[in-house]
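These notes are about the structure you will find just below.
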Amino acid sequence: GFPAEDQEMFGLGFDQRWATGTYAGFELTERSAQGERSLGVLRNATLAPIPDTPGQLRYQGDYRERTASVYARQLLGDRFSAGAAFTVSQTTLDSDFPSLSRQVPGVASLTPSPEALLSTLTLSARYQHPGGFHAAWTSEWWSQENNGDAEALGAERFWQHQIGVGYTFPGRRADLEVRLLNLTDEDYRLNPLSYYLEPPRQRTLELRLRLAF
């Protein structure tokens, strides 16, 4: 894994509510991490082409992620609401071995600089009955472009849908919900360089109980 020792995060957000029952906002964040570690290597102590002397090689990494997201949600009467959200995230990782000369054959393959651009679009609709019953539908579109040293991975695009029904107990002391995730049983291949909450890889039934004390 990436040896993150120093991490920094900066964020800026704005949320607004209108009398028309409209909610909207945006968020900008930048996260960076730097780290280093020593790797065990074998060096040539003689002119023989066989490495025979153990040693260490210092590795440095620089990870950076920039994310922008916007959302809007609209109340449709007393029981229905619909919303949309879009997020785009650009991630880069620069690797380096400071003690190795760039003229050494094969160094370029040891210091990759992959880039990934991940976009997600979320569409949702919800029904809430005054008696506590509720139901929701969510559709998510995922798109990832890989560049730099990750270009060989190509692009990945897919939809995932989920539906859920539940009941909120009086006083909101508990909420019980049953959801069916990934309705179309859609698998995917995303570059883990991007940060994301991993969606299910197959059709999944989820039972969730939330308690409030």
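Each chain of the structure tokens is named A, B, ... in the order shown, its residues numbered from 1; ligands are numbered from 1 in display order.
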Sort by chain and increasing residue number a table of all residues of region 85-166 of chain A within 9 Å of region 182-190 of chain A, each with its closest pair of atoms and their distance in Å to one decimal, counting only C-alpha atoms, and write it as JSON lines.
```
{"residue": "A:Leu118", "atom": "CA", "partner": "A:Leu190", "partner_atom": "CA", "distance": 8.9}
{"residue": "A:Ser143", "atom": "CA", "partner": "A:Leu190", "partner_atom": "CA", "distance": 8.9}
{"residue": "A:Gln144", "atom": "CA", "partner": "A:Leu190", "partner_atom": "CA", "distance": 7.0}
{"residue": "A:Leu153", "atom": "CA", "partner": "A:Leu190", "partner_atom": "CA", "distance": 9.0}
{"residue": "A:Ala155", "atom": "CA", "partner": "A:Leu190", "partner_atom": "CA", "distance": 8.6}
{"residue": "A:Glu156", "atom": "CA", "partner": "A:Arg189", "partner_atom": "CA", "distance": 6.6}
{"residue": "A:Arg157", "atom": "CA", "partner": "A:Tyr188", "partner_atom": "CA", "distance": 8.0}
{"residue": "A:Phe158", "atom": "CA", "partner": "A:Tyr188", "partner_atom": "CA", "distance": 7.2}
{"residue": "A:Trp159", "atom": "CA", "partner": "A:Glu186", "partner_atom": "CA", "distance": 7.5}
{"residue": "A:Gln160", "atom": "CA", "partner": "A:Asn182", "partner_atom": "CA", "distance": 5.2}
{"residue": "A:His161", "atom": "CA", "partner": "A:Asn182", "partner_atom": "CA", "distance": 5.2}
{"residue": "A:Gln162", "atom": "CA", "partner": "A:Asn182", "partner_atom": "CA", "distance": 5.6}
{"residue": "A:Ile163", "atom": "CA", "partner": "A:Leu183", "partner_atom": "CA", "distance": 8.0}
```
* To do: Find the residues near Asp94 (chain A): any atom within 9 Å, counting only C-alpha atoms, skip ones fewer than 4 places away on the same chain, and give them as a VMD selection string.
  => chain A and resid 60 to 64 111 to 114
* Asked: Between A:Ser119, A:Ser194, A:Gln128, A:Ser139, which has the minimum distance to Asp78 (chain A) (counting only C-alpha atoms)?
  ->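 Distance minimum relative to Asp78 (chain A) lands on A:Gln128.
Of the listed residues A:Val41, A:Leu176, A:Ala136, A:Phe97, the one whose atoms come nearest to Pro54 (chain A) is A:Val41, with distances taken using only C-alpha atoms.
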* Asked: Which residues come within 9 Å of Gly154 (chain A), counting only C-alpha atoms, excluding same-chain residues fewer than 6 positions away, as a PyMOL selection string?
  -> chain A and resi 144-147
* Using DSSP on the backbone coordinates, identify all residues within region 33-206 of chain A classified as helix (DSSP H, G or I); present the result as a list in words. => Val107, Ala108, Ser109, Leu110, Glu151, Ala152, Leu153, Pro170, Gly171 and Arg172 of chain A
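By chain and then residue number, the residues within 9 Å of Arg79 (chain A) are A:Leu75, A:Leu76, A:Arg126, A:Tyr127, A:Gln128, A:His129, A:Pro130, counting only C-alpha atoms and disregarding those fewer than 3 positions away in sequence.
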Let's have the selection written as a PDB file, in the first residue's frame, with N, CA and C atoms.
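Resulting contents of selection_25.pdb:
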```pdb
ATOM      1  N   LEU A  75     -38.558  18.680  -3.189  1.00  0.00           N
ATOM      2  CA  LEU A  75     -39.741  18.089  -2.582  1.00  0.00           C
ATOM      3  C   LEU A  75     -40.904  18.209  -3.549  1.00  0.00           C
ATOM      4  N   LEU A  76     -41.611  17.122  -3.753  1.00  0.00           N
ATOM      5  CA  LEU A  76     -42.756  17.091  -4.661  1.00  0.00           C
ATOM      6  C   LEU A  76     -44.006  16.783  -3.845  1.00  0.00           C
ATOM      7  N   ARG A 126     -37.860   9.251  -3.827  1.00  0.00           N
ATOM      8  CA  ARG A 126     -38.251   8.710  -2.519  1.00  0.00           C
ATOM      9  C   ARG A 126     -39.710   9.033  -2.217  1.00  0.00           C
ATOM     10  N   TYR A 127     -40.386   8.066  -1.602  1.00  0.00           N
ATOM     11  CA  TYR A 127     -41.759   8.244  -1.140  1.00  0.00           C
ATOM     12  C   TYR A 127     -41.779   8.056   0.372  1.00  0.00           C
ATOM     13  N   GLN A 128     -42.386   8.982   1.084  1.00  0.00           N
ATOM     14  CA  GLN A 128     -42.460   8.928   2.544  1.00  0.00           C
ATOM     15  C   GLN A 128     -43.909   9.092   2.987  1.00  0.00           C
ATOM     16  N   HIS A 129     -44.481   8.053   3.593  1.00  0.00           N
ATOM     17  CA  HIS A 129     -45.854   8.109   4.084  1.00  0.00           C
ATOM     18  C   HIS A 129     -45.856   8.656   5.513  1.00  0.00           C
ATOM     19  N   PRO A 130     -46.841   9.483   5.866  1.00  0.00           N
ATOM     20  CA  PRO A 130     -46.885  10.032   7.230  1.00  0.00           C
ATOM     21  C   PRO A 130     -46.922   8.953   8.308  1.00  0.00           C
TER      22      PRO A 130
END
```
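Residue neighbourhood of Arg172 (chain A), excluding near-sequence residues (fewer than 2 positions): Pro130, Gly131, Gly132, Phe133, Tyr167, Thr168, Phe169, Pro170, Ala174, Asp175, Leu176, Leu209, Arg210, Leu211, Ala212 and Phe213 of chain A, at 12 Å, using only C-alpha atoms.
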Kindly export the residues of the current selection with N, CA, C and O atoms, as an mmCIF file, in the first residue's frame.
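See selection-v7.cif below for the written result:
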```
data_model
loop_
_atom_site.group_PDB
_atom_site.id
_atom_site.type_symbol
_atom_site.label_atom_id
_atom_site.label_comp_id
_atom_site.auth_asym_id
_atom_site.auth_seq_id
_atom_site.Cartn_x
_atom_site.Cartn_y
_atom_site.Cartn_z
ATOM 1 N N PRO A 130 -46.841 9.483 5.866
ATOM 2 C CA PRO A 130 -46.885 10.032 7.230
ATOM 3 C C PRO A 130 -46.922 8.953 8.308
ATOM 4 O O PRO A 130 -46.485 9.180 9.441
ATOM 5 N N GLY A 131 -47.425 7.767 7.969
ATOM 6 C CA GLY A 131 -47.494 6.693 8.948
ATOM 7 C C GLY A 131 -46.165 6.007 9.212
ATOM 8 O O GLY A 131 -46.069 5.142 10.089
ATOM 9 N N GLY A 132 -45.105 6.347 8.448
ATOM 10 C CA GLY A 132 -43.785 5.781 8.686
ATOM 11 C C GLY A 132 -43.243 4.919 7.554
ATOM 12 O O GLY A 132 -42.033 4.671 7.480
ATOM 13 N N PHE A 133 -44.118 4.462 6.668
ATOM 14 C CA PHE A 133 -43.649 3.642 5.547
ATOM 15 C C PHE A 133 -42.917 4.514 4.530
ATOM 16 O O PHE A 133 -43.311 5.644 4.243
ATOM 17 N N TYR A 167 -39.639 1.067 7.129
ATOM 18 C CA TYR A 167 -40.609 1.645 8.065
ATOM 19 C C TYR A 167 -39.851 2.376 9.166
ATOM 20 O O TYR A 167 -38.900 1.843 9.751
ATOM 21 N N THR A 168 -40.299 3.628 9.446
ATOM 22 C CA THR A 168 -39.733 4.423 10.526
ATOM 23 C C THR A 168 -40.692 4.381 11.711
ATOM 24 O O THR A 168 -41.867 4.745 11.575
ATOM 25 N N PHE A 169 -40.211 3.923 12.848
ATOM 26 C CA PHE A 169 -41.054 3.770 14.021
ATOM 27 C C PHE A 169 -41.389 5.134 14.635
ATOM 28 O O PHE A 169 -40.658 6.110 14.424
ATOM 29 N N PRO A 170 -42.493 5.218 15.370
ATOM 30 C CA PRO A 170 -42.892 6.486 16.002
ATOM 31 C C PRO A 170 -41.758 7.088 16.822
ATOM 32 O O PRO A 170 -41.023 6.382 17.519
ATOM 33 N N ALA A 174 -36.358 4.187 15.703
ATOM 34 C CA ALA A 174 -35.778 3.084 14.941
ATOM 35 C C ALA A 174 -36.256 3.181 13.494
ATOM 36 O O ALA A 174 -37.331 3.716 13.207
ATOM 37 N N ASP A 175 -35.437 2.654 12.610
ATOM 38 C CA ASP A 175 -35.776 2.626 11.188
ATOM 39 C C ASP A 175 -35.341 1.280 10.627
ATOM 40 O O ASP A 175 -34.162 0.907 10.737
ATOM 41 N N LEU A 176 -36.282 0.560 10.056
ATOM 42 C CA LEU A 176 -36.007 -0.754 9.475
ATOM 43 C C LEU A 176 -36.165 -0.662 7.965
ATOM 44 O O LEU A 176 -37.183 -0.155 7.468
ATOM 45 N N LEU A 209 -31.059 -2.018 10.137
ATOM 46 C CA LEU A 209 -31.823 -1.527 11.279
ATOM 47 C C LEU A 209 -31.001 -0.445 11.954
ATOM 48 O O LEU A 209 -29.876 -0.671 12.384
ATOM 49 N N ARG A 210 -31.585 0.753 12.058
ATOM 50 C CA ARG A 210 -30.919 1.865 12.717
ATOM 51 C C ARG A 210 -31.702 2.253 13.962
ATOM 52 O O ARG A 210 -32.917 2.411 13.910
ATOM 53 N N LEU A 211 -30.981 2.421 15.068
ATOM 54 C CA LEU A 211 -31.597 2.752 16.343
ATOM 55 C C LEU A 211 -31.112 4.119 16.799
ATOM 56 O O LEU A 211 -29.951 4.488 16.583
ATOM 57 N N ALA A 212 -32.004 4.880 17.433
ATOM 58 C CA ALA A 212 -31.666 6.196 17.976
ATOM 59 C C ALA A 212 -31.993 6.203 19.461
ATOM 60 O O ALA A 212 -33.107 5.880 19.857
ATOM 61 N N PHE A 213 -31.001 6.552 20.284
ATOM 62 C CA PHE A 213 -31.193 6.554 21.727
ATOM 63 C C PHE A 213 -31.203 7.981 22.267
ATOM 64 O O PHE A 213 -30.578 8.861 21.707
#
```
* Once DSSP has gone over the backbone, tell me which residues of region 17-103 of chain A are in strand (DSSP E), as JSON, numbers by chain. => {"A": [17, 22, 23, 24, 25, 26, 27, 28, 29, 30, 31, 32, 33, 34, 35, 36, 37, 38, 39, 40, 41, 42, 43, 53, 54, 55, 56, 57, 58, 59, 60, 61, 62, 63, 64, 65, 66, 67, 68, 69, 70, 71, 72, 73, 74, 75, 76, 80, 81, 82, 83, 84, 85, 86, 87, 88, 89, 90, 91, 92, 93, 94, 95, 96]}
* To do: Could you jot down the CA of Arg58 (chain A) to CA of Leu193 (chain A) separation for me, Å, one decimal place?
  =>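 Pair CA of Arg58 (chain A) / CA of Leu193 (chain A) returns 21.8 Å.
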* **Point-to-point distance in Å for CA of Tyr23 (chain A) and CA of Ala125 (chain A)** =>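 Computed distance, CA of Ala125 (chain A) to CA of Tyr23 (chain A), equals 14.1 Å.
Residue nearest Arg37 (chain A) within the list A:Ser89, A:Ser95, A:Phe80, A:Gly13: A:Ser95 [criterion: smallest interatomic distance, only C-alpha atoms].
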* To do: Grab the CA of Trp142 (chain A) to CA of Phe86 (chain A) distance for me, in Å with one decimal place.
  =>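 About the pair CA of Trp142 (chain A) and CA of Phe86 (chain A): they are 10.2 Å apart.
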* To do: Could you tell me which of A:Gly25, A:Gln16, A:Thr53, A:Glu140 comes closest to Thr120 (chain A) if we count only C-alpha atoms?
  => A:Glu140
